[in-house]
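K.L.:
Just passing along the structure, written as structure tokens.
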Amino acid sequence: MNKTEERKLFQIIKEVLGVNVTEDLSMDTVPSWDSLRHIQLLAKIEQEFDIEIDFQDTLAMTSVKSIRNILSKYQSGK
């Protein structure tokens, strides 16, 4: 994931969750990151990066680090 894509991802997370993004953010540390916000976050990521995320990957995307890793997998597949 290049710096432009990373900035784009961080902006999406900030918009959806309403928090300043750091590498250690996760569903456990952000009270506003509930199931509805998770779906909104995934939908926005899919839209902005023009990808379709597998269901199993959506379950694993519970932190900024895991989102970056999984998104990188989709980006390298393009």
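Following the order of the structure tokens, first chain is A, next is B, and so on, with residues numbered from 1 inside each chain and ligands from 1 in the order they appear.
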I'd like the neighbourhood of segment 54-70 of chain A as number ranges by chain, where a residue qualifies if any of its atoms comes within 7 Å (using only C-alpha atoms), though same-chain residues fewer than 4 positions away should be ignored.

P.N.:
A: 23-27, 74

K.L.:
I want to know what sits within 12 Å of Lys8 of chain A, based on only C-alpha atoms, with residues of the same chain fewer than 3 positions away left out; could you give that as a list in words?

P.N.:
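In the requested format, the answer is Met1, Asn2, Lys3, Thr4, Glu5, Gln11, Ile12, Ile13, Lys14, Glu15, Val21, Lys44, Ile45, Gln47, Glu48, Phe49, Arg68 and Leu71 of chain A.
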
K.L.:
Pick the closest to Asp50 of chain A from A:Gln75, A:Thr22, A:Asp28, A:Leu17: which is it, counting only C-alpha atoms?

P.N.:
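Among the listed residues, the smallest separation from Asp50 of chain A belongs to A:Gln75.
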
K.L.:
Run DSSP on the backbone and give me the residues of chain A it puts in alpha helix (DSSP H), as a PyMOL selection string.

P.N.:
chain A and resi 3-17+35-49+55-60+64-76

K.L.:
Dump C-alpha atoms for the selected residues as a PDB file, in the first residue's frame?

P.N.:
ATOM      1  CA  LYS A   3       1.323   6.552   0.917  1.00  0.00           C
ATOM      2  CA  THR A   4      -1.516   7.972  -1.208  1.00  0.00           C
ATOM      3  CA  GLU A   5      -3.632   4.862  -0.648  1.00  0.00           C
ATOM      4  CA  GLU A   6      -2.788   4.916   3.052  1.00  0.00           C
ATOM      5  CA  ARG A   7      -3.884   8.555   3.374  1.00  0.00           C
ATOM      6  CA  LYS A   8      -7.095   7.701   1.515  1.00  0.00           C
ATOM      7  CA  LEU A   9      -7.761   4.785   3.885  1.00  0.00           C
ATOM      8  CA  PHE A  10      -7.058   6.879   6.976  1.00  0.00           C
ATOM      9  CA  GLN A  11      -9.417   9.593   5.710  1.00  0.00           C
ATOM     10  CA  ILE A  12     -12.184   6.993   5.210  1.00  0.00           C
ATOM     11  CA  ILE A  13     -11.677   5.644   8.731  1.00  0.00           C
ATOM     12  CA  LYS A  14     -11.707   9.167  10.163  1.00  0.00           C
ATOM     13  CA  GLU A  15     -14.926  10.061   8.299  1.00  0.00           C
ATOM     14  CA  VAL A  16     -16.810   6.895   9.229  1.00  0.00           C
ATOM     15  CA  LEU A  17     -15.660   6.489  12.827  1.00  0.00           C
ATOM     16  CA  SER A  35     -21.342  -3.411  13.810  1.00  0.00           C
ATOM     17  CA  LEU A  36     -23.206  -0.735  11.847  1.00  0.00           C
ATOM     18  CA  ARG A  37     -20.133   1.483  11.552  1.00  0.00           C
ATOM     19  CA  HIS A  38     -18.106  -1.579  10.543  1.00  0.00           C
ATOM     20  CA  ILE A  39     -20.456  -2.220   7.631  1.00  0.00           C
ATOM     21  CA  GLN A  40     -20.343   1.465   6.657  1.00  0.00           C
ATOM     22  CA  LEU A  41     -16.555   1.419   6.837  1.00  0.00           C
ATOM     23  CA  LEU A  42     -16.289  -1.677   4.655  1.00  0.00           C
ATOM     24  CA  ALA A  43     -18.763  -0.303   2.107  1.00  0.00           C
ATOM     25  CA  LYS A  44     -16.826   2.963   1.846  1.00  0.00           C
ATOM     26  CA  ILE A  45     -13.510   1.111   1.462  1.00  0.00           C
ATOM     27  CA  GLU A  46     -14.973  -1.085  -1.280  1.00  0.00           C
ATOM     28  CA  GLN A  47     -16.373   1.954  -3.071  1.00  0.00           C
ATOM     29  CA  GLU A  48     -13.268   4.134  -2.814  1.00  0.00           C
ATOM     30  CA  PHE A  49     -10.784   1.388  -3.714  1.00  0.00           C
ATOM     31  CA  PHE A  55     -16.851 -12.143   3.763  1.00  0.00           C
ATOM     32  CA  GLN A  56     -14.068 -13.905   5.693  1.00  0.00           C
ATOM     33  CA  ASP A  57     -11.828 -10.876   5.231  1.00  0.00           C
ATOM     34  CA  THR A  58     -14.555  -8.540   6.523  1.00  0.00           C
ATOM     35  CA  LEU A  59     -14.593 -10.523   9.766  1.00  0.00           C
ATOM     36  CA  ALA A  60     -10.834 -10.129  10.151  1.00  0.00           C
ATOM     37  CA  VAL A  64      -6.299  -0.387  11.300  1.00  0.00           C
ATOM     38  CA  LYS A  65      -3.386  -2.797  10.921  1.00  0.00           C
ATOM     39  CA  SER A  66      -5.583  -5.681   9.737  1.00  0.00           C
ATOM     40  CA  ILE A  67      -7.476  -3.407   7.335  1.00  0.00           C
ATOM     41  CA  ARG A  68      -4.191  -2.208   5.802  1.00  0.00           C
ATOM     42  CA  ASN A  69      -2.891  -5.762   5.442  1.00  0.00           C
ATOM     43  CA  ILE A  70      -6.065  -7.095   3.855  1.00  0.00           C
ATOM     44  CA  LEU A  71      -6.469  -4.062   1.601  1.00  0.00           C
ATOM     45  CA  SER A  72      -2.876  -4.523   0.410  1.00  0.00           C
ATOM     46  CA  LYS A  73      -3.757  -8.069  -0.607  1.00  0.00           C
ATOM     47  CA  TYR A  74      -6.597  -6.760  -2.780  1.00  0.00           C
ATOM     48  CA  GLN A  75      -4.463  -3.984  -4.239  1.00  0.00           C
ATOM     49  CA  SER A  76      -1.716  -6.395  -5.270  1.00  0.00           C
TER      50      SER A  76
END
